[in-house]
Amino acid sequence: MKRSLFLAATMCAVSLMATDIDVQKQKAAAAELKKTMMGELKAKLNESPVAAVEFCSKNAIDITNSVAKKHNLNIKRVSEKNRNPINSADENDKKALAQFAENMARSGKPGEYVVVNGKYYEPLVTNEMCVVCHGKDANMASETAQKIKQLYPNDKAVGYGVGELRGAISVW
Ligand code: HEC
């Protein structure tokens, strides 16, 4: 009896440790994706917002997949108001996004991360740069808005101000 209790306790500790290590790995992958994507976006925005939109539409998914491959994990960027149909939110994603939205409503901050059914989620909040391409129609340059509509006829990812929950990075 004692022995099995001890075993159960040890197994618990081991699985906690494994979860902890998983989260560290998932966090590292998300951080690299953010850094890579931001770097590329900034460089392209210096050229022009339209060039940056074209760059994103051609490369965002490839960049995401190559960071995932490097870390030997799966990565997705998700939103309930997605631009690219590939990035739509499933049931787990929606739970994570709801948690972030709730945190924001309560404290003004989304929190660092949540784990839903083993999937790690990190919130993405808009800053000044994001609203160049995800902002309110009236504030977006008309060439940018036109280019986005041309590439994404079913775009839902506009109308944001600064400091709003845009979506999440999911890693598993
Ligand atoms: C130059 C224009 C541009 C800027 C600036 C930009 N985005 Fe995007 N974003 C896009 C395009 C185009 C897509 C769709 C392509 C893709 O990523 O799959 C997209 C997709 C996304 C997605 C995936 C979900 C979806 O809607 O398809 C998230 C999340 C996102 N952007 C967040 C941000 C955040 C946060 C910022 C600011 C830090 C930002 N974006 C800045 C153009 C932009």
# chains A, B, ... in the order shown; residues from 1 in each chain; ligands from 1
>>> residues_around(residues="region 77-90 of chain A", least_positions_apart="2", cutoff="8 Å", atoms="only C-alpha atoms", output="PyMOL selection string")
chain A and resi 75+92-94+97+152+154-157+166-170
>>> write_last_selection(atoms="N, CA and C atoms", output="PDB file, in the first residue's frame")
ATOM      1  N   ILE A  75       2.738  24.510 -34.685  1.00  0.00           N
ATOM      2  CA  ILE A  75       2.396  25.887 -34.315  1.00  0.00           C
ATOM      3  C   ILE A  75       1.314  26.406 -35.253  1.00  0.00           C
ATOM      4  N   ASN A  92     -10.872  24.158 -28.920  1.00  0.00           N
ATOM      5  CA  ASN A  92      -9.818  24.435 -27.929  1.00  0.00           C
ATOM      6  C   ASN A  92      -9.350  25.883 -28.036  1.00  0.00           C
ATOM      7  N   ASP A  93      -9.133  26.315 -29.279  1.00  0.00           N
ATOM      8  CA  ASP A  93      -8.650  27.682 -29.519  1.00  0.00           C
ATOM      9  C   ASP A  93      -9.633  28.694 -28.929  1.00  0.00           C
ATOM     10  N   LYS A  94     -10.913  28.424 -29.148  1.00  0.00           N
ATOM     11  CA  LYS A  94     -11.944  29.357 -28.660  1.00  0.00           C
ATOM     12  C   LYS A  94     -11.936  29.456 -27.140  1.00  0.00           C
ATOM     13  N   LEU A  97      -8.957  31.607 -26.214  1.00  0.00           N
ATOM     14  CA  LEU A  97      -9.208  33.018 -26.540  1.00  0.00           C
ATOM     15  C   LEU A  97     -10.215  33.631 -25.562  1.00  0.00           C
ATOM     16  N   TYR A 152      -7.820  38.693 -49.548  1.00  0.00           N
ATOM     17  CA  TYR A 152      -8.676  37.996 -48.563  1.00  0.00           C
ATOM     18  C   TYR A 152     -10.101  38.533 -48.641  1.00  0.00           C
ATOM     19  N   ASN A 154     -12.797  37.356 -47.741  1.00  0.00           N
ATOM     20  CA  ASN A 154     -13.614  37.083 -46.549  1.00  0.00           C
ATOM     21  C   ASN A 154     -12.933  37.524 -45.254  1.00  0.00           C
ATOM     22  N   ASP A 155     -12.060  38.511 -45.357  1.00  0.00           N
ATOM     23  CA  ASP A 155     -11.303  38.985 -44.202  1.00  0.00           C
ATOM     24  C   ASP A 155     -12.213  39.429 -43.047  1.00  0.00           C
ATOM     25  N   LYS A 156     -11.888  38.905 -41.855  1.00  0.00           N
ATOM     26  CA  LYS A 156     -12.638  39.343 -40.665  1.00  0.00           C
ATOM     27  C   LYS A 156     -11.729  40.131 -39.721  1.00  0.00           C
ATOM     28  N   ALA A 157     -10.424  40.235 -40.087  1.00  0.00           N
ATOM     29  CA  ALA A 157      -9.417  40.726 -39.135  1.00  0.00           C
ATOM     30  C   ALA A 157      -9.155  42.224 -39.234  1.00  0.00           C
ATOM     31  N   ARG A 166      -5.990  40.233 -30.459  1.00  0.00           N
ATOM     32  CA  ARG A 166      -6.104  39.948 -31.906  1.00  0.00           C
ATOM     33  C   ARG A 166      -6.223  38.451 -32.171  1.00  0.00           C
ATOM     34  N   GLY A 167      -5.625  37.643 -31.280  1.00  0.00           N
ATOM     35  CA  GLY A 167      -5.648  36.208 -31.482  1.00  0.00           C
ATOM     36  C   GLY A 167      -4.646  35.557 -30.561  1.00  0.00           C
ATOM     37  N   ALA A 168      -4.150  34.400 -30.985  1.00  0.00           N
ATOM     38  CA  ALA A 168      -3.189  33.696 -30.141  1.00  0.00           C
ATOM     39  C   ALA A 168      -2.252  32.858 -31.005  1.00  0.00           C
ATOM     40  N   ILE A 169      -1.084  32.562 -30.423  1.00  0.00           N
ATOM     41  CA  ILE A 169      -0.205  31.560 -31.011  1.00  0.00           C
ATOM     42  C   ILE A 169      -0.474  30.282 -30.242  1.00  0.00           C
ATOM     43  N   SER A 170      -0.699  29.208 -30.961  1.00  0.00           N
ATOM     44  CA  SER A 170      -0.951  27.938 -30.314  1.00  0.00           C
ATOM     45  C   SER A 170       0.203  26.980 -30.653  1.00  0.00           C
TER      46      SER A 170
END
>>> residues_around(residues="Val53 (chain A)", least_positions_apart="6", cutoff="9 Å", atoms="only C-alpha atoms", output="list in words")
Leu41, Lys44, Leu45, Cys133, Thr144, Lys147, Ile148 and Leu151 of chain A
>>> closest_residue(among="A:Thr64, A:Asn117, A:Thr19, A:Gln146", to="ligand 1", atoms="only C-alpha atoms and all ligand atoms")
A:Thr64
>>> closest_residue(among="A:Glu102, A:Asp137, A:Glu40, A:Glu54", to="ligand 1", atoms="only C-alpha atoms and all ligand atoms")
A:Glu54
>>> closest_residue(among="A:Leu124, A:Met104, A:Lys35, A:Lys95", to="ligand 1", atoms="only C-alpha atoms and all ligand atoms")
A:Leu124
>>> residues_around(residues="region 27-33 of chain A", least_positions_apart="2", cutoff="9 Å", atoms="only C-alpha atoms", output="list in words")
Asp22, Val23, Gln24, Lys25, Lys35, Thr36, Met37, Met38, Ile63, Thr64, Val67, Ala68, Lys70, His71, Leu73, Ile75, Tyr113, Tyr120, Tyr121, Glu122, Ile169, Ser170 and Val171 of chain A
>>> write_last_selection(atoms="N, CA and C atoms", output="mmCIF file, in the first residue's frame")
data_model
loop_
_atom_site.group_PDB
_atom_site.id
_atom_site.type_symbol
_atom_site.label_atom_id
_atom_site.label_comp_id
_atom_site.auth_asym_id
_atom_site.auth_seq_id
_atom_site.Cartn_x
_atom_site.Cartn_y
_atom_site.Cartn_z
ATOM 1 N N ASP A 22 7.469 20.721 -21.195
ATOM 2 C CA ASP A 22 6.709 20.965 -22.431
ATOM 3 C C ASP A 22 6.410 22.444 -22.577
ATOM 4 N N VAL A 23 5.927 23.066 -21.498
ATOM 5 C CA VAL A 23 5.570 24.482 -21.551
ATOM 6 C C VAL A 23 6.791 25.335 -21.895
ATOM 7 N N GLN A 24 7.927 24.991 -21.299
ATOM 8 C CA GLN A 24 9.150 25.757 -21.612
ATOM 9 C C GLN A 24 9.482 25.659 -23.099
ATOM 10 N N LYS A 25 9.342 24.465 -23.652
ATOM 11 C CA LYS A 25 9.652 24.260 -25.077
ATOM 12 C C LYS A 25 8.649 25.005 -25.963
ATOM 13 N N LYS A 35 9.376 36.712 -32.704
ATOM 14 C CA LYS A 35 10.556 37.507 -33.034
ATOM 15 C C LYS A 35 10.797 37.511 -34.554
ATOM 16 N N THR A 36 10.714 36.326 -35.158
ATOM 17 C CA THR A 36 10.960 36.209 -36.599
ATOM 18 C C THR A 36 9.924 37.004 -37.379
ATOM 19 N N MET A 37 8.661 36.798 -37.022
ATOM 20 C CA MET A 37 7.574 37.443 -37.755
ATOM 21 C C MET A 37 7.662 38.968 -37.619
ATOM 22 N N MET A 38 7.929 39.444 -36.408
ATOM 23 C CA MET A 38 8.024 40.897 -36.168
ATOM 24 C C MET A 38 9.167 41.493 -36.975
ATOM 25 N N ILE A 63 6.669 30.667 -42.681
ATOM 26 C CA ILE A 63 7.525 31.049 -41.543
ATOM 27 C C ILE A 63 7.057 30.279 -40.297
ATOM 28 N N THR A 64 5.747 30.252 -40.096
ATOM 29 C CA THR A 64 5.184 29.534 -38.944
ATOM 30 C C THR A 64 5.593 28.058 -38.982
ATOM 31 N N VAL A 67 9.417 27.488 -38.253
ATOM 32 C CA VAL A 67 9.757 27.585 -36.819
ATOM 33 C C VAL A 67 9.255 26.327 -36.093
ATOM 34 N N ALA A 68 8.062 25.869 -36.471
ATOM 35 C CA ALA A 68 7.505 24.654 -35.866
ATOM 36 C C ALA A 68 8.431 23.457 -36.111
ATOM 37 N N LYS A 70 11.610 23.445 -36.844
ATOM 38 C CA LYS A 70 12.881 23.605 -36.126
ATOM 39 C C LYS A 70 12.739 23.127 -34.675
ATOM 40 N N HIS A 71 11.577 23.410 -34.069
ATOM 41 C CA HIS A 71 11.358 23.043 -32.660
ATOM 42 C C HIS A 71 10.707 21.670 -32.515
ATOM 43 N N LEU A 73 7.684 20.811 -33.188
ATOM 44 C CA LEU A 73 6.362 20.984 -32.580
ATOM 45 C C LEU A 73 5.393 21.465 -33.663
ATOM 46 N N ILE A 75 2.738 24.510 -34.685
ATOM 47 C CA ILE A 75 2.396 25.887 -34.315
ATOM 48 C C ILE A 75 1.314 26.406 -35.253
ATOM 49 N N TYR A 113 0.057 33.018 -20.571
ATOM 50 C CA TYR A 113 -0.325 31.878 -21.417
ATOM 51 C C TYR A 113 -1.399 31.052 -20.717
ATOM 52 N N TYR A 120 -0.594 24.693 -25.784
ATOM 53 C CA TYR A 120 -0.111 25.938 -25.175
ATOM 54 C C TYR A 120 -0.599 27.121 -26.015
ATOM 55 N N TYR A 121 -1.096 28.157 -25.349
ATOM 56 C CA TYR A 121 -1.563 29.351 -26.065
ATOM 57 C C TYR A 121 -0.954 30.615 -25.486
ATOM 58 N N GLU A 122 -0.499 31.483 -26.360
ATOM 59 C CA GLU A 122 0.025 32.785 -25.945
ATOM 60 C C GLU A 122 -0.806 33.865 -26.641
ATOM 61 N N ILE A 169 -1.084 32.562 -30.423
ATOM 62 C CA ILE A 169 -0.205 31.560 -31.011
ATOM 63 C C ILE A 169 -0.474 30.282 -30.242
ATOM 64 N N SER A 170 -0.699 29.208 -30.961
ATOM 65 C CA SER A 170 -0.951 27.938 -30.314
ATOM 66 C C SER A 170 0.203 26.980 -30.653
ATOM 67 N N VAL A 171 0.732 26.308 -29.631
ATOM 68 C CA VAL A 171 1.844 25.373 -29.836
ATOM 69 C C VAL A 171 1.517 24.058 -29.132
#
>>> select_by_dssp(residues="region 35-164 of chain A", states="strand (DSSP E)", output="number ranges by chain")
A: 75-78, 114-116, 119-125
>>> residues_around(residues="His134 (chain A)", least_positions_apart="3", cutoff="6 Å", atoms="only C-alpha atoms", output="VMD selection string")
chain A and resid 130 to 131 157 to 158 160
>>> write_last_selection(atoms="C-alpha atoms", output="tab-separated table (two decimals), in the first residue's frame")
chain	number	residue	atom	x	y	z
A	130	CYS	CA	-0.73	45.94	-36.16
A	131	VAL	CA	-3.47	48.49	-36.86
A	157	ALA	CA	-9.42	40.73	-39.14
A	158	VAL	CA	-10.08	44.48	-39.32
A	160	TYR	CA	-9.06	46.75	-34.23
>>> residues_around(residues="Val132 (chain A)", least_positions_apart="4", cutoff="9 Å", atoms="only C-alpha atoms", output="list in words")
Pro49, Glu128, Lys136, Asn139, Met140, Ala141 and Thr144 of chain A
